[in-house]
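Visitor: Next up, my_file_19.csv (CSV, C-alpha atoms).
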```csv
chain,number,residue,atom,x,y,z
A,1,MET,CA,-18.1,-18.4,16.4
A,2,LYS,CA,-15.2,-16.0,16.8
A,3,VAL,CA,-13.8,-14.3,13.7
A,4,PRO,CA,-10.7,-12.1,14.4
A,5,PHE,CA,-10.1,-9.1,12.2
A,6,LEU,CA,-6.6,-10.5,11.5
A,7,ASP,CA,-4.6,-13.4,13.0
A,8,LEU,CA,-1.0,-13.5,11.8
A,9,SER,CA,-0.1,-16.5,13.9
A,10,LEU,CA,-1.9,-18.9,11.6
A,11,GLN,CA,0.3,-18.0,8.6
A,12,HIS,CA,3.5,-18.0,10.6
A,13,ARG,CA,2.7,-21.2,12.4
A,14,ALA,CA,2.3,-23.0,9.1
A,15,LEU,CA,5.6,-21.6,7.8
A,16,ARG,CA,7.5,-22.0,11.1
A,17,GLU,CA,10.0,-24.7,10.0
A,18,PRO,CA,11.1,-23.2,6.7
A,19,ALA,CA,11.2,-19.7,8.2
A,20,LEU,CA,13.4,-20.7,11.1
A,21,ALA,CA,15.7,-22.7,8.7
A,22,ALA,CA,16.1,-19.6,6.5
A,23,LEU,CA,16.8,-17.4,9.5
A,24,THR,CA,19.3,-19.9,10.8
A,25,ALA,CA,21.1,-19.9,7.5
A,26,THR,CA,21.2,-16.1,7.4
A,27,TYR,CA,22.4,-16.0,11.0
A,28,ASP,CA,25.2,-18.5,10.5
A,29,ALA,CA,26.4,-16.7,7.4
A,30,THR,CA,26.2,-13.3,9.1
A,31,ARG,CA,24.3,-11.8,6.2
A,32,PHE,CA,22.7,-9.1,8.3
A,33,CYS,CA,22.5,-6.0,6.0
A,34,LEU,CA,21.6,-6.5,2.4
A,35,GLY,CA,23.6,-9.5,1.1
A,36,LYS,CA,22.6,-12.6,-0.7
A,37,ASP,CA,19.2,-13.1,1.0
A,38,VAL,CA,18.1,-9.6,0.0
A,39,GLU,CA,19.5,-10.0,-3.5
A,40,ASP,CA,17.7,-13.3,-3.9
A,41,PHE,CA,14.5,-11.7,-2.8
A,42,GLU,CA,14.9,-8.7,-5.2
A,43,HIS,CA,15.4,-11.1,-8.1
A,44,ASN,CA,12.5,-13.4,-7.0
A,45,PHE,CA,10.1,-10.5,-6.4
A,46,ALA,CA,10.9,-9.0,-9.8
A,47,SER,CA,10.6,-12.3,-11.7
A,48,THR,CA,7.5,-13.5,-9.9
A,49,LEU,CA,5.5,-10.2,-10.2
A,50,GLY,CA,6.8,-8.9,-13.5
A,51,TYR,CA,9.1,-6.0,-12.6
A,52,PRO,CA,12.4,-5.3,-14.5
A,53,ARG,CA,14.4,-4.6,-11.3
A,54,VAL,CA,13.7,-4.2,-7.6
A,55,LEU,CA,15.5,-2.7,-4.6
A,56,GLY,CA,14.7,-4.0,-1.1
A,57,MET,CA,14.5,-1.4,1.6
A,58,ASN,CA,14.0,-1.2,5.3
A,59,SER,CA,10.3,-0.1,5.4
A,60,GLY,CA,7.4,0.9,3.2
A,61,THR,CA,8.0,4.6,4.1
A,62,SER,CA,11.7,4.6,3.0
A,63,PRO,CA,11.1,4.0,-0.8
A,64,LEU,CA,8.5,6.9,-0.8
A,65,HIS,CA,11.2,9.1,0.8
A,66,VAL,CA,13.7,8.0,-1.8
A,67,ALA,CA,11.3,8.6,-4.7
A,68,CYS,CA,10.7,12.1,-3.5
A,69,MET,CA,14.5,12.7,-3.3
A,70,ILE,CA,15.0,11.4,-6.9
A,71,ALA,CA,12.1,13.4,-8.2
A,72,GLY,CA,13.9,16.5,-6.9
A,73,PHE,CA,10.9,17.7,-4.9
A,74,GLY,CA,11.8,20.5,-2.5
A,75,PRO,CA,10.7,23.8,-0.9
A,76,GLY,CA,8.1,25.6,-2.9
A,77,ASP,CA,7.0,22.5,-4.8
A,78,GLU,CA,3.5,21.1,-4.6
A,79,VAL,CA,2.8,17.4,-5.0
A,80,ILE,CA,-0.8,16.1,-5.2
A,81,ALA,CA,-1.9,13.1,-3.2
A,82,PRO,CA,-5.3,11.6,-2.1
A,83,SER,CA,-6.5,12.6,1.3
A,84,PHE,CA,-7.8,9.2,2.1
A,85,THR,CA,-4.8,7.0,2.7
A,86,PHE,CA,-2.2,6.1,5.3
A,87,ILE,CA,-0.1,9.1,6.3
A,88,SER,CA,3.3,7.7,5.2
A,89,THR,CA,2.1,8.2,1.6
A,90,VAL,CA,3.0,11.9,2.0
A,91,TRP,CA,5.8,11.8,4.7
A,92,GLY,CA,8.5,11.8,2.0
A,93,LEU,CA,7.2,15.2,0.8
A,94,ASP,CA,7.7,16.7,4.3
A,95,TYR,CA,11.2,15.1,4.5
A,96,VAL,CA,12.3,16.9,1.4
A,97,GLY,CA,10.5,20.2,2.2
A,98,ALA,CA,7.8,19.9,-0.5
A,99,THR,CA,4.1,20.7,0.2
A,100,PRO,CA,1.4,18.0,0.0
A,101,VAL,CA,-1.7,19.2,-1.8
A,102,PHE,CA,-4.6,16.9,-1.2
A,103,ALA,CA,-7.3,15.9,-3.6
A,104,ASP,CA,-10.6,14.0,-3.2
A,105,VAL,CA,-11.1,10.3,-4.0
A,106,GLU,CA,-13.7,8.3,-5.8
A,107,ALA,CA,-16.6,7.1,-3.7
A,108,GLY,CA,-16.6,3.5,-5.1
A,109,THR,CA,-12.9,2.7,-5.0
A,110,PHE,CA,-11.4,5.2,-2.5
A,111,ASN,CA,-8.7,6.0,-5.0
A,112,LEU,CA,-7.6,9.4,-6.4
A,113,ASP,CA,-10.3,10.9,-8.5
A,114,PRO,CA,-8.7,12.0,-11.8
A,115,ALA,CA,-11.2,14.8,-12.2
A,116,LYS,CA,-10.3,16.2,-8.8
A,117,LEU,CA,-6.6,15.7,-9.6
A,118,ALA,CA,-6.9,17.8,-12.7
A,119,VAL,CA,-8.3,20.8,-10.9
A,120,ALA,CA,-5.7,20.7,-8.1
A,121,ILE,CA,-2.8,21.4,-10.5
A,122,THR,CA,-1.1,24.8,-10.2
A,123,PRO,CA,2.1,26.3,-11.6
A,124,LYS,CA,3.8,25.0,-8.5
A,125,THR,CA,2.8,21.4,-9.0
A,126,LYS,CA,5.7,19.1,-9.6
A,127,GLY,CA,4.3,15.6,-9.0
A,128,ILE,CA,1.6,13.2,-8.1
A,129,ILE,CA,1.5,10.3,-5.6
A,130,VAL,CA,-1.1,7.7,-6.6
A,131,VAL,CA,-2.2,5.1,-4.1
A,132,HIS,CA,-3.7,1.8,-5.1
A,133,LEU,CA,-5.7,1.7,-1.9
A,134,PHE,CA,-6.9,-1.5,-0.3
A,135,GLY,CA,-5.4,-3.4,-3.2
A,136,GLN,CA,-7.6,-1.8,-5.9
A,137,PRO,CA,-5.7,-0.2,-8.8
A,138,ALA,CA,-6.3,3.5,-9.4
A,139,ARG,CA,-7.4,4.8,-12.9
A,140,MET,CA,-3.8,4.9,-14.2
A,141,ASP,CA,-4.7,5.8,-17.9
A,142,GLU,CA,-6.4,9.0,-16.9
A,143,ILE,CA,-4.0,9.9,-14.2
A,144,MET,CA,-0.9,9.4,-16.4
A,145,ALA,CA,-2.5,11.4,-19.2
A,146,ILE,CA,-2.8,14.3,-16.8
A,147,ALA,CA,0.7,13.8,-15.6
A,148,ARG,CA,2.2,13.7,-19.1
A,149,GLN,CA,0.3,16.8,-20.1
A,150,HIS,CA,1.8,18.8,-17.2
A,151,LYS,CA,5.2,16.9,-17.1
A,152,LEU,CA,4.7,15.7,-13.6
A,153,PHE,CA,6.8,13.0,-11.8
A,154,VAL,CA,4.5,10.2,-10.7
A,155,ILE,CA,5.0,7.9,-7.7
A,156,GLU,CA,2.8,4.9,-7.3
A,157,ASP,CA,2.2,3.8,-3.7
A,158,CYS,CA,1.7,0.1,-4.1
A,159,ALA,CA,2.0,-0.7,-0.4
A,160,GLN,CA,-1.3,-2.5,-0.3
A,161,ALA,CA,-1.4,-3.7,-3.9
A,162,VAL,CA,1.3,-6.3,-4.3
A,163,GLY,CA,0.2,-8.5,-7.3
A,164,ALA,CA,-2.6,-6.1,-8.4
A,165,ARG,CA,-3.0,-5.3,-12.1
A,166,TYR,CA,-4.4,-2.5,-14.1
A,167,GLN,CA,-5.6,-3.5,-17.6
A,168,GLY,CA,-3.5,-6.6,-17.2
A,169,THR,CA,-0.2,-4.7,-16.3
A,170,PRO,CA,1.2,-4.9,-12.8
A,171,VAL,CA,0.7,-1.8,-10.8
A,172,GLY,CA,3.9,0.1,-10.4
A,173,LEU,CA,4.8,0.1,-14.1
A,174,PHE,CA,3.0,3.2,-15.0
A,175,GLY,CA,4.6,6.0,-13.0
A,176,ASP,CA,8.3,7.1,-12.7
A,177,ALA,CA,8.8,5.1,-9.5
A,178,ALA,CA,6.8,2.6,-7.4
A,179,THR,CA,7.0,1.7,-3.8
A,180,PHE,CA,5.9,-1.4,-1.8
A,181,SER,CA,5.5,-2.3,1.9
A,182,PHE,CA,6.2,-5.6,3.6
A,183,TYR,CA,4.9,-4.6,7.0
A,184,PRO,CA,3.6,-7.7,8.7
A,185,THR,CA,-0.1,-7.0,8.0
A,186,LYS,CA,0.4,-6.6,4.3
A,187,ASN,CA,-0.5,-9.3,1.8
A,188,LEU,CA,3.2,-10.2,1.6
A,189,GLY,CA,4.4,-9.3,5.0
A,190,GLY,CA,7.7,-9.8,6.7
A,191,CYS,CA,8.4,-10.4,10.4
A,192,GLY,CA,9.2,-6.7,10.9
A,193,GLU,CA,9.6,-3.7,8.7
A,194,GLY,CA,10.5,-3.9,5.0
A,195,GLY,CA,9.8,-2.3,1.6
A,196,ALA,CA,10.8,-2.2,-2.0
A,197,PHE,CA,11.5,0.4,-4.7
A,198,VAL,CA,10.8,-0.2,-8.4
A,199,ALA,CA,11.6,1.9,-11.4
A,200,GLN,CA,11.7,1.0,-15.1
A,201,ASP,CA,14.2,3.7,-15.9
A,202,GLU,CA,17.7,2.3,-15.2
A,203,ALA,CA,19.0,5.7,-14.2
A,204,ILE,CA,16.3,6.2,-11.6
A,205,HIS,CA,17.0,2.7,-10.3
A,206,THR,CA,20.7,3.3,-10.1
A,207,ARG,CA,20.2,6.6,-8.2
A,208,ALA,CA,17.9,4.9,-5.7
A,209,ARG,CA,20.5,2.1,-5.2
A,210,HIS,CA,23.1,4.7,-4.3
A,211,ILE,CA,20.8,6.7,-2.1
A,212,ARG,CA,19.8,3.4,-0.2
A,213,VAL,CA,23.4,3.1,1.0
A,214,HIS,CA,24.4,6.6,2.1
A,215,GLY,CA,24.7,7.9,-1.4
A,216,SER,CA,27.5,5.5,-2.1
A,217,ASP,CA,28.4,3.0,-4.8
A,218,ARG,CA,31.9,2.4,-3.4
A,219,ARG,CA,32.6,2.2,0.4
A,220,TYR,CA,33.5,5.5,1.9
A,221,TYR,CA,33.0,7.4,-1.3
A,222,HIS,CA,29.8,9.5,-1.5
A,223,ASP,CA,28.9,11.2,-4.7
A,224,ILE,CA,25.4,12.2,-3.7
A,225,VAL,CA,23.5,12.7,-0.4
A,226,GLY,CA,21.8,9.5,0.6
A,227,GLY,CA,20.5,7.7,3.7
A,228,ASN,CA,20.4,4.3,5.3
A,229,PHE,CA,17.4,2.6,3.7
A,230,ARG,CA,18.9,-1.0,3.5
A,231,MET,CA,16.8,-4.1,3.9
A,232,ASP,CA,18.2,-6.4,6.6
A,233,GLY,CA,19.1,-10.0,5.7
A,234,PHE,CA,16.6,-11.6,8.0
A,235,GLN,CA,13.7,-9.9,6.3
A,236,GLY,CA,15.0,-10.9,2.9
A,237,ALA,CA,15.3,-14.5,4.0
A,238,LEU,CA,11.7,-14.6,5.5
A,239,LEU,CA,10.2,-12.9,2.4
A,240,ASN,CA,11.9,-15.5,0.2
A,241,VAL,CA,10.0,-18.2,2.2
A,242,LYS,CA,6.7,-16.4,1.9
A,243,LEU,CA,6.8,-15.2,-1.7
A,244,PRO,CA,6.0,-18.6,-3.3
A,245,HIS,CA,2.7,-18.6,-1.4
A,246,LEU,CA,1.6,-15.2,-2.5
A,247,ALA,CA,-0.4,-16.3,-5.5
A,248,ALA,CA,-2.4,-18.8,-3.4
A,249,TRP,CA,-3.0,-16.3,-0.7
A,250,THR,CA,-4.2,-13.7,-3.2
A,251,ALA,CA,-6.6,-16.2,-4.8
A,252,ARG,CA,-8.0,-16.9,-1.3
A,253,ARG,CA,-8.5,-13.2,-0.6
A,254,ARG,CA,-10.3,-12.9,-3.9
A,255,ALA,CA,-12.5,-15.9,-3.1
A,256,ILE,CA,-13.4,-14.4,0.3
A,257,ALA,CA,-14.2,-11.0,-1.3
A,258,GLY,CA,-16.4,-12.8,-3.8
A,259,ARG,CA,-18.3,-14.4,-1.0
A,260,TYR,CA,-18.8,-11.0,0.7
A,261,LEU,CA,-19.9,-9.4,-2.5
A,262,ALA,CA,-22.5,-12.1,-3.2
A,263,GLY,CA,-23.7,-12.5,0.4
A,264,ILE,CA,-23.9,-9.1,2.0
A,265,LYS,CA,-27.5,-7.9,1.5
A,266,LEU,CA,-27.8,-5.2,4.2
A,267,ALA,CA,-29.8,-2.2,3.1
A,268,GLU,CA,-27.7,1.0,2.9
A,269,ALA,CA,-24.4,-0.9,3.0
A,270,ARG,CA,-22.2,0.1,0.1
A,271,LEU,CA,-19.8,-2.5,-1.0
A,272,PRO,CA,-16.5,-1.6,-2.8
A,273,ASP,CA,-16.8,-1.2,-6.5
A,274,GLN,CA,-15.1,-3.7,-8.8
A,275,PRO,CA,-14.3,-1.8,-12.0
A,276,GLY,CA,-13.4,-3.9,-14.9
A,277,TYR,CA,-10.1,-2.1,-15.5
A,278,GLY,CA,-8.4,-3.5,-12.4
A,279,GLN,CA,-7.7,-6.7,-10.6
A,280,SER,CA,-7.8,-6.1,-6.9
A,281,VAL,CA,-5.8,-8.1,-4.4
A,282,PHE,CA,-8.1,-7.2,-1.5
A,283,HIS,CA,-5.7,-6.1,1.1
A,284,GLN,CA,-8.8,-4.8,2.8
A,285,PHE,CA,-12.5,-5.4,2.2
A,286,THR,CA,-14.0,-2.1,3.3
A,287,ILE,CA,-17.7,-1.4,3.3
A,288,ARG,CA,-19.7,1.8,4.1
A,289,HIS,CA,-22.8,2.3,6.2
A,290,PRO,CA,-24.4,5.4,7.6
A,291,GLN,CA,-24.7,3.8,11.0
A,292,ARG,CA,-21.1,2.5,10.9
A,293,ASP,CA,-20.4,2.7,14.6
A,294,ALA,CA,-23.6,0.9,15.5
A,295,LEU,CA,-22.9,-1.8,12.9
A,296,ARG,CA,-19.5,-2.3,14.3
A,297,GLU,CA,-20.8,-2.6,17.8
A,298,HIS,CA,-23.4,-5.2,16.5
A,299,LEU,CA,-20.6,-7.2,14.9
A,300,THR,CA,-18.5,-7.1,18.1
A,301,LYS,CA,-21.5,-8.7,19.9
A,302,HIS,CA,-21.4,-11.4,17.2
A,303,GLU,CA,-17.6,-11.9,17.9
A,304,VAL,CA,-16.6,-10.5,14.6
A,305,GLY,CA,-13.5,-8.3,14.6
A,306,THR,CA,-13.5,-5.1,12.5
A,307,ASP,CA,-11.2,-2.1,12.0
A,308,LEU,CA,-11.6,1.6,11.0
A,309,ILE,CA,-9.2,2.3,8.1
A,310,TYR,CA,-8.9,5.3,8.1
A,311,PRO,CA,-11.0,7.3,10.6
A,312,VAL,CA,-9.4,10.7,9.9
A,313,PRO,CA,-8.5,11.8,6.3
A,314,LEU,CA,-5.1,13.4,5.9
A,315,HIS,CA,-6.3,17.0,5.4
A,316,LEU,CA,-7.9,16.9,8.8
A,317,GLN,CA,-4.9,15.5,10.7
A,318,LYS,CA,-3.5,17.9,13.3
A,319,CYS,CA,0.0,17.8,11.7
A,320,TYR,CA,-1.4,19.3,8.5
A,321,ALA,CA,-3.6,22.0,10.1
A,322,VAL,CA,-1.0,24.5,8.8
A,323,LEU,CA,-2.1,23.7,5.3
A,324,GLY,CA,-5.4,25.4,6.0
A,325,TYR,CA,-7.9,22.7,5.0
A,326,GLY,CA,-11.0,22.2,7.1
A,327,PRO,CA,-14.2,20.1,7.2
A,328,GLY,CA,-15.9,20.1,3.9
A,329,SER,CA,-12.7,20.4,1.9
A,330,PHE,CA,-12.9,16.9,0.5
A,331,PRO,CA,-16.4,15.6,1.1
A,332,VAL,CA,-16.0,12.1,-0.4
A,333,ALA,CA,-12.9,11.4,1.7
A,334,GLU,CA,-14.6,12.7,4.8
A,335,LYS,CA,-17.7,10.6,4.2
A,336,ALA,CA,-15.5,7.6,3.7
A,337,ALA,CA,-13.7,8.2,6.9
A,338,ALA,CA,-17.0,8.6,8.8
A,339,THR,CA,-18.8,5.6,7.3
A,340,CYS,CA,-16.1,3.0,6.5
A,341,VAL,CA,-15.6,-0.3,8.3
A,342,SER,CA,-13.2,-3.0,7.2
A,343,LEU,CA,-14.1,-6.7,7.5
A,344,PRO,CA,-11.8,-9.7,8.2
A,345,ILE,CA,-10.1,-10.8,5.0
A,346,PHE,CA,-7.0,-12.9,5.4
A,347,PRO,CA,-6.2,-16.2,3.6
A,348,GLU,CA,-6.6,-18.4,6.6
A,349,LEU,CA,-10.3,-17.5,7.2
A,350,THR,CA,-12.6,-20.5,6.7
A,351,ASP,CA,-15.8,-20.3,4.6
A,352,ALA,CA,-17.7,-20.8,7.8
A,353,GLN,CA,-16.1,-17.8,9.4
A,354,VAL,CA,-16.8,-15.7,6.3
A,355,ASP,CA,-20.4,-16.8,6.3
A,356,HIS,CA,-20.6,-15.9,10.0
A,357,VAL,CA,-19.4,-12.4,9.2
A,358,ILE,CA,-22.0,-12.1,6.4
A,359,ALA,CA,-24.8,-13.3,8.7
A,360,GLY,CA,-23.8,-10.8,11.3
A,361,ILE,CA,-23.9,-7.9,8.9
A,362,ASN,CA,-27.2,-9.0,7.3
A,363,SER,CA,-28.8,-9.3,10.8
A,364,PHE,CA,-28.1,-5.7,11.7
```
Translate the structure of the given file into structure tokens.

Guide:
Amino acid sequence: MKVPFLDLSLQHRALREPALAALTATYDATRFCLGKDVEDFEHNFASTLGYPRVLGMNSGTSPLHVACMIAGFGPGDEVIAPSFTFISTVWGLDYVGATPVFADVEAGTFNLDPAKLAVAITPKTKGIIVVHLFGQPARMDEIMAIARQHKLFVIEDCAQAVGARYQGTPVGLFGDAATFSFYPTKNLGGCGEGGAFVAQDEAIHTRARHIRVHGSDRRYYHDIVGGNFRMDGFQGALLNVKLPHLAAWTARRRAIAGRYLAGIKLAEARLPDQPGYGQSVFHQFTIRHPQRDALREHLTKHEVGTDLIYPVPLHLQKCYAVLGYGPGSFPVAEKAAATCVSLPIFPELTDAQVDHVIAGINSF
């Protein structure tokens, strides 16, 4: 039995007719940049997931950049972020001239460790970027307590956590700004790039809305420096087609994860922790094993697709060599990068396929 790591064609084949109908309507109405389709999606996303207001943007990286602009981060400022994440988490800091300061993560959740966050703060620290990695909420109570104590601007990177909750509250409603990604592989993925910006504070939301369109609220009048971060109409139309299915897709991801958690019995395999404070949406199901590469080769022979997410922590990336970190700086992140392997977990997987993955792992 063949089990791919991910097969987007299954989801898109099932939604082909309504998706093409939505695209045709957008095309015929020439609603190409922002417009009704994006406005409808912003409203639907907010009301479905529990956010006061939403701004659609052109990628998951863009709202992170916008959040850094609104926070006022700049040269000489330090902003703390986990080392074990996708690199776009911190690109916005470089774009505004601020310095990323990395901190280690928890071994069980791969999220920012509040204890390591606390000791990383210096007089230059101006903010924190929290990532709800793989769909598992970070420890927001502890992180926000530290942030309030030091008056730090908090950005929640929810790219992989659409629909996740911390203590019953949707992720993204704890910090000063939150960001989402609709890259095709995400739990709610478009057919191209897309993202969203969320802020409870109306002034922050308004500023982000102006920045999104060249710093303008009125055509050809620019009160602030902005950029071009607009979501295109086609992505808004497609995401409107997909959004009503998100709850069912999330339930299926959780069912698959439950099957993995109950069925994987391989010695020395560490499964992801499931702390009671958070409801994960399982963007990834990532396990660790000291013989990760051999395990992955074994699964390939059993026709099971896997992926390495992420094989190099940020502090060891060549582009950040200038920051002076080296091997041993963040041992938990480094061990995760060296021992993690992500298993297939997408809604269209059958129980038989999931059981085949489990059997392959247990036979290693």

Visitor: What's the 8 Å shell around Gly163 of chain A, counting only C-alpha atoms, without same-chain residues fewer than 3 positions away, as a count of residues only?

Guide: 5

Visitor: Out of A:Ala145, A:Ala352, A:Leu299, A:Ala29, which residue has the shortest atom-to-atom distance to Gly233 of chain A when counting only C-alpha atoms?

Guide: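 With only C-alpha atoms as the atom set, the closest residue is A:Ala29.
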
Visitor: Kindly extract all protein, DNA and RNA residues lying within 12 Å of the coordinates (16.8, 2.8, -14.1) given in the file, considering only C-alpha atoms, and supply them as a list in words.

Guide: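 Within 12 Å of (16.8, 2.8, -14.1), the protein and nucleic acid residues are Tyr51, Pro52, Arg53, Val54, Leu55, Ile70, Asp176, Ala177, Phe197, Val198, Ala199, Gln200, Asp201, Glu202, Ala203, Ile204, His205, Thr206, Arg207, Ala208, Arg209 and His210 of chain A.
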
Visitor: Kindly give the distance, in Å, that separates atom CA of His289 of chain A and atom CA of Arg270 of chain A, rounded to a single decimal.

Guide: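 Rounded to one decimal, the two atoms are 6.5 Å apart.
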
Visitor: Would you mind telling me which residue in A:Gln167, A:Thr26, A:Ser342, A:Ser59 lies nearest to Arg288 of chain A when using only C-alpha atoms?

Guide: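 Under the stated criterion, the closest residue is A:Ser342.
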
Visitor: When you draw a straight line from atom CA of Gly263 of chain A to atom CA of Val341 of chain A, how long is it in Å?

Guide: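 Distance reported for this atom pair: 16.6 Å.
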
Visitor: Please, what distance in Å, to one decimal, runs between atom CA of Val322 of chain A and atom CA of Thr99 of chain A?

Guide: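 Separation of atom CA of Val322 of chain A and atom CA of Thr99 of chain A: 10.7 Å.
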
Visitor: Find the residues near Ala103 of chain A: any atom within 12 Å, counting only C-alpha atoms, skip ones fewer than 3 places away on the same chain, and give them as a VMD selection string.

Guide: chain A and resid 79 to 85 100 106 110 to 121 128 to 131 313 to 315 325 329 to 334

Visitor: Here's a test: counting only C-alpha atoms, identify every protein, DNA and RNA residue with an atom at most 9 Å from (-16.1, -0.9, -1.1) in the file's coordinate frame, and state them as a PyMOL selection string.

Guide: chain A and resi 107-110+270-274+285-288+340

Visitor: Measuring atom to atom with only C-alpha atoms, identify which of A:Phe229, A:Phe174, A:Phe86, A:Phe5 is nearest to Ala159 of chain A.

Guide: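 Distance minimum relative to Ala159 of chain A lands on A:Phe86.
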
Visitor: When distances are computed from all atoms listed in the file, which of A:Leu308, A:Ala161, A:Ala359, A:Ile224 shows the smallest separation from Asn187 of chain A?

Guide: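 For Asn187 of chain A, the nearest of the given residues is A:Ala161.
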